[in-house]
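A short write-up of the structure that comes next.
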Amino acid sequence: IHEQVAWLVDRATISDLLVEELRCLDTRDFQGLISLFVDDGYLQMPGLRIEAHELGQAASEQLGGLAATHHLSTNHAIEIDGDAARARS
């Protein structure tokens with residue numbers, strides 16, 4: 001049962017990170033956005049891969065012309081394998 005609880009806690013933490021990522025985008029907290037990623041982490045979307053250290057600049061360029069945004073993160077598909085995880089939402 002300990003492993004199941006640990007898995008649930010890990011999954012909830014990853015889900016919270018996905019939501020926090022979008023909060024950072026909507027509030028233009030680009031340093032907060034970068035802080036959510038490990039140094040060699042990256043954001044991958046269809047046809048696009050952005051290294052963690054480039055996220056602030058990329059987000060600022062993409063959102064700079066918009067007065068406001070409201071992102072949602074749903075359908076979290078999270079795979080956990082030991083200390084590694086992959087999420088799709």
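In the structure tokens, chains take letters A, B, ... by order of appearance, with residues numbered from 1 within each chain and ligands from 1 in the order shown.
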Check your understanding: Got a sec: who's within 8 Å of stretch 12-17 of chain A, counting only C-alpha atoms, leaving out chain neighbours fewer than 6 positions off, as a list in words?
Key ->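 That gives Leu36, His76, Ile78 and Ala87 of chain A.
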Store the residues of this selection in a file with N, CA, C and O atoms, as a compact mmCIF listing (two decimals), in the first residue's frame.
```
# COMPACT_ATOMS: atom_id res chain seq x y z
N LEU A 36 10.29 25.76 -12.57
CA LEU A 36 9.57 24.49 -12.50
C LEU A 36 10.30 23.35 -13.21
O LEU A 36 9.93 22.20 -13.05
N HIS A 76 -4.82 15.02 -17.59
CA HIS A 76 -3.43 14.70 -17.29
C HIS A 76 -3.19 13.19 -17.43
O HIS A 76 -3.73 12.40 -16.68
N ILE A 78 -0.32 10.78 -16.95
CA ILE A 78 0.97 10.79 -16.27
C ILE A 78 1.48 9.36 -16.14
O ILE A 78 0.78 8.50 -15.61
N ALA A 87 4.46 13.30 -18.76
CA ALA A 87 3.08 13.77 -18.65
C ALA A 87 2.62 14.31 -19.99
O ALA A 87 3.40 14.91 -20.74
```
Tell me, counting only C-alpha atoms, for each residue of stretch 41-63 of chain A within 12 Å of stretch 68-73 of chain A, which pair of atoms is nearest and how far apart they are in Å to one decimal, in rows ordered by chain and increasing number, as a Markdown table.
```
| residue | atom | partner | partner_atom | distance |
| --- | --- | --- | --- | --- |
| A:Ala59 | CA | A:Thr69 | CA | 11.9 |
| A:Gln62 | CA | A:Thr69 | CA | 11.1 |
| A:Leu63 | CA | A:Thr69 | CA | 8.1 |
```
**Study point:** Contacts of A:Val38 at 12 Å (only C-alpha atoms; same-chain gap of 2+ positions) as a list of chain:residue names
**Key:** A:Leu33, A:Ile34, A:Ser35, A:Leu36, A:Asp40, A:Gly41, A:Tyr42, A:Leu43, A:Glu51, A:Ala52, A:His53, A:Leu55
Preceding selection exported with C-alpha atoms as an mmCIF file, in the first residue's frame:
```cif
data_model
loop_
_atom_site.group_PDB
_atom_site.id
_atom_site.type_symbol
_atom_site.label_atom_id
_atom_site.label_comp_id
_atom_site.auth_asym_id
_atom_site.auth_seq_id
_atom_site.Cartn_x
_atom_site.Cartn_y
_atom_site.Cartn_z
ATOM 1 C CA LEU A 33 8.040 29.139 -15.107
ATOM 2 C CA ILE A 34 11.728 28.396 -15.577
ATOM 3 C CA SER A 35 12.045 27.334 -11.922
ATOM 4 C CA LEU A 36 9.566 24.492 -12.501
ATOM 5 C CA ASP A 40 18.195 19.851 -18.650
ATOM 6 C CA GLY A 41 14.391 19.855 -18.809
ATOM 7 C CA TYR A 42 12.347 21.002 -21.748
ATOM 8 C CA LEU A 43 8.810 21.727 -22.870
ATOM 9 C CA GLU A 51 14.838 24.019 -23.516
ATOM 10 C CA ALA A 52 14.209 25.095 -19.908
ATOM 11 C CA HIS A 53 16.663 28.007 -20.046
ATOM 12 C CA LEU A 55 11.325 29.198 -21.712
#
```
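Among the candidates A:Val5, A:Leu25, A:Phe37, A:Asp10, the residue lying nearest to A:Glu61 is A:Leu25 (atoms considered: only C-alpha atoms).
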Review point. Between A:Leu18, A:Trp7, A:Asp39, A:Asp26, which has the minimum distance to A:Ser89 (counting only C-alpha atoms)?
Key: A:Leu18
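Assigned to strand (DSSP E) in stretch 1-77 of chain A, given DSSP computed from backbone atoms, are Tyr42, Leu43, Gln44, Met45, Leu48, Arg49, Ile50, Glu51 and Ala77 of chain A.
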Point to revise | Residue with smallest distance to A:Glu20 - pool A:Gly32, A:Pro46, A:Arg88, A:Gly64, counting only C-alpha atoms | key: A:Gly32
Practice item. As a PyMOL selection string, please: all residues of chain A that backbone DSSP puts in alpha helix (DSSP H). Key: chain A and resi 2-26+30-35+55-63
Could the residues in this selection be saved with N, CA, C and O atoms as a compact mmCIF listing (two decimals), in the first residue's frame?
```txt
# COMPACT_ATOMS: atom_id res chain seq x y z
N HIS A 2 2.06 1.17 0.61
CA HIS A 2 2.96 2.32 0.64
C HIS A 2 3.32 2.77 -0.79
O HIS A 2 3.34 3.96 -1.09
N GLU A 3 3.58 1.82 -1.69
CA GLU A 3 3.92 2.15 -3.07
C GLU A 3 2.75 2.83 -3.78
O GLU A 3 2.96 3.75 -4.57
N GLN A 4 1.54 2.39 -3.48
CA GLN A 4 0.36 3.00 -4.11
C GLN A 4 0.19 4.45 -3.63
O GLN A 4 -0.12 5.34 -4.44
N VAL A 5 0.39 4.69 -2.35
CA VAL A 5 0.27 6.04 -1.81
C VAL A 5 1.37 6.93 -2.40
O VAL A 5 1.11 8.07 -2.80
N ALA A 6 2.59 6.41 -2.47
CA ALA A 6 3.69 7.18 -3.05
C ALA A 6 3.39 7.53 -4.51
O ALA A 6 3.65 8.65 -4.95
N TRP A 7 2.83 6.58 -5.26
CA TRP A 7 2.47 6.83 -6.65
C TRP A 7 1.42 7.94 -6.74
O TRP A 7 1.52 8.84 -7.58
N LEU A 8 0.43 7.89 -5.87
CA LEU A 8 -0.63 8.92 -5.88
C LEU A 8 -0.06 10.30 -5.53
O LEU A 8 -0.43 11.31 -6.14
N VAL A 9 0.84 10.35 -4.56
CA VAL A 9 1.46 11.62 -4.18
C VAL A 9 2.30 12.16 -5.34
O VAL A 9 2.23 13.35 -5.67
N ASP A 10 3.09 11.29 -5.97
CA ASP A 10 3.89 11.71 -7.12
C ASP A 10 2.99 12.24 -8.25
O ASP A 10 3.27 13.28 -8.84
N ARG A 11 1.92 11.53 -8.51
CA ARG A 11 1.01 11.94 -9.58
C ARG A 11 0.37 13.29 -9.26
O ARG A 11 0.26 14.16 -10.13
N ALA A 12 -0.06 13.49 -8.03
CA ALA A 12 -0.66 14.77 -7.63
C ALA A 12 0.36 15.90 -7.75
O ALA A 12 0.02 17.01 -8.19
N THR A 13 1.60 15.63 -7.38
CA THR A 13 2.64 16.66 -7.47
C THR A 13 2.89 17.05 -8.93
O THR A 13 3.02 18.23 -9.25
N ILE A 14 2.93 16.07 -9.81
CA ILE A 14 3.12 16.35 -11.23
C ILE A 14 1.93 17.13 -11.79
O ILE A 14 2.09 18.10 -12.53
N SER A 15 0.74 16.74 -11.41
CA SER A 15 -0.46 17.46 -11.84
C SER A 15 -0.42 18.91 -11.37
O SER A 15 -0.73 19.84 -12.13
N ASP A 16 -0.01 19.12 -10.12
CA ASP A 16 0.12 20.48 -9.60
C ASP A 16 1.15 21.29 -10.40
O ASP A 16 0.96 22.49 -10.64
N LEU A 17 2.24 20.65 -10.79
CA LEU A 17 3.25 21.34 -11.60
C LEU A 17 2.70 21.77 -12.95
O LEU A 17 2.99 22.87 -13.43
N LEU A 18 1.88 20.92 -13.56
CA LEU A 18 1.27 21.27 -14.85
C LEU A 18 0.36 22.49 -14.70
O LEU A 18 0.37 23.39 -15.54
N VAL A 19 -0.40 22.54 -13.63
CA VAL A 19 -1.29 23.68 -13.38
C VAL A 19 -0.46 24.94 -13.07
O VAL A 19 -0.76 26.03 -13.56
N GLU A 20 0.59 24.79 -12.28
CA GLU A 20 1.44 25.93 -11.92
C GLU A 20 2.14 26.50 -13.16
O GLU A 20 2.30 27.72 -13.28
N GLU A 21 2.52 25.63 -14.07
CA GLU A 21 3.14 26.10 -15.31
C GLU A 21 2.23 27.09 -16.02
O GLU A 21 2.66 28.16 -16.47
N LEU A 22 0.96 26.77 -16.10
CA LEU A 22 0.02 27.64 -16.79
C LEU A 22 -0.29 28.90 -16.00
O LEU A 22 -0.50 29.96 -16.58
N ARG A 23 -0.28 28.79 -14.68
CA ARG A 23 -0.46 29.99 -13.86
C ARG A 23 0.68 30.95 -14.13
O ARG A 23 0.47 32.17 -14.29
N CYS A 24 1.89 30.43 -14.22
CA CYS A 24 3.05 31.27 -14.51
C CYS A 24 2.90 31.96 -15.87
O CYS A 24 3.23 33.14 -16.00
N LEU A 25 2.42 31.23 -16.86
CA LEU A 25 2.20 31.85 -18.17
C LEU A 25 1.17 32.97 -18.08
O LEU A 25 1.38 34.06 -18.60
N ASP A 26 0.05 32.70 -17.43
CA ASP A 26 -1.04 33.69 -17.39
C ASP A 26 -0.69 34.91 -16.56
O ASP A 26 -1.22 35.99 -16.81
N PHE A 30 7.68 34.57 -15.68
CA PHE A 30 8.56 33.74 -16.49
C PHE A 30 9.70 33.13 -15.70
O PHE A 30 10.16 32.03 -16.01
N GLN A 31 10.16 33.81 -14.67
CA GLN A 31 11.19 33.20 -13.81
C GLN A 31 10.59 32.03 -13.03
O GLN A 31 11.24 31.00 -12.84
N GLY A 32 9.36 32.17 -12.58
CA GLY A 32 8.67 31.08 -11.91
C GLY A 32 8.49 29.90 -12.86
O GLY A 32 8.66 28.74 -12.46
N LEU A 33 8.19 30.18 -14.10
CA LEU A 33 8.04 29.14 -15.11
C LEU A 33 9.34 28.35 -15.26
O LEU A 33 9.34 27.11 -15.20
N ILE A 34 10.43 29.05 -15.42
CA ILE A 34 11.73 28.40 -15.58
C ILE A 34 12.06 27.55 -14.35
O ILE A 34 12.61 26.46 -14.47
N SER A 35 11.70 28.04 -13.17
CA SER A 35 12.05 27.33 -11.92
C SER A 35 11.33 25.99 -11.79
O SER A 35 11.72 25.16 -10.96
N LEU A 55 12.78 29.08 -21.90
CA LEU A 55 11.32 29.20 -21.71
C LEU A 55 10.85 30.62 -21.46
O LEU A 55 9.84 31.05 -22.00
N GLY A 56 11.55 31.36 -20.62
CA GLY A 56 11.12 32.72 -20.30
C GLY A 56 11.06 33.60 -21.53
O GLY A 56 10.06 34.28 -21.77
N GLN A 57 12.12 33.58 -22.31
CA GLN A 57 12.17 34.39 -23.53
C GLN A 57 11.11 33.95 -24.53
O GLN A 57 10.41 34.76 -25.12
N ALA A 58 10.99 32.64 -24.72
CA ALA A 58 10.01 32.12 -25.68
C ALA A 58 8.58 32.48 -25.26
O ALA A 58 7.77 32.90 -26.10
N ALA A 59 8.28 32.32 -23.99
CA ALA A 59 6.93 32.64 -23.52
C ALA A 59 6.66 34.13 -23.64
O ALA A 59 5.56 34.54 -24.04
N SER A 60 7.64 34.94 -23.31
CA SER A 60 7.47 36.39 -23.42
C SER A 60 7.20 36.79 -24.86
O SER A 60 6.32 37.63 -25.13
N GLU A 61 7.91 36.19 -25.80
CA GLU A 61 7.70 36.50 -27.22
C GLU A 61 6.31 36.05 -27.68
O GLU A 61 5.64 36.76 -28.42
N GLN A 62 5.89 34.88 -27.26
CA GLN A 62 4.59 34.33 -27.69
C GLN A 62 3.41 35.09 -27.08
O GLN A 62 2.38 35.25 -27.73
N LEU A 63 3.55 35.52 -25.84
CA LEU A 63 2.42 36.12 -25.13
C LEU A 63 2.50 37.64 -25.06
O LEU A 63 1.55 38.29 -24.60
```
Point to revise | Separation of atom CA of A:Ala77 from atom CA of A:Arg28 in Å | key: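 Result for atom CA of A:Arg28 versus atom CA of A:Ala77: 25.7 Å, one decimal.
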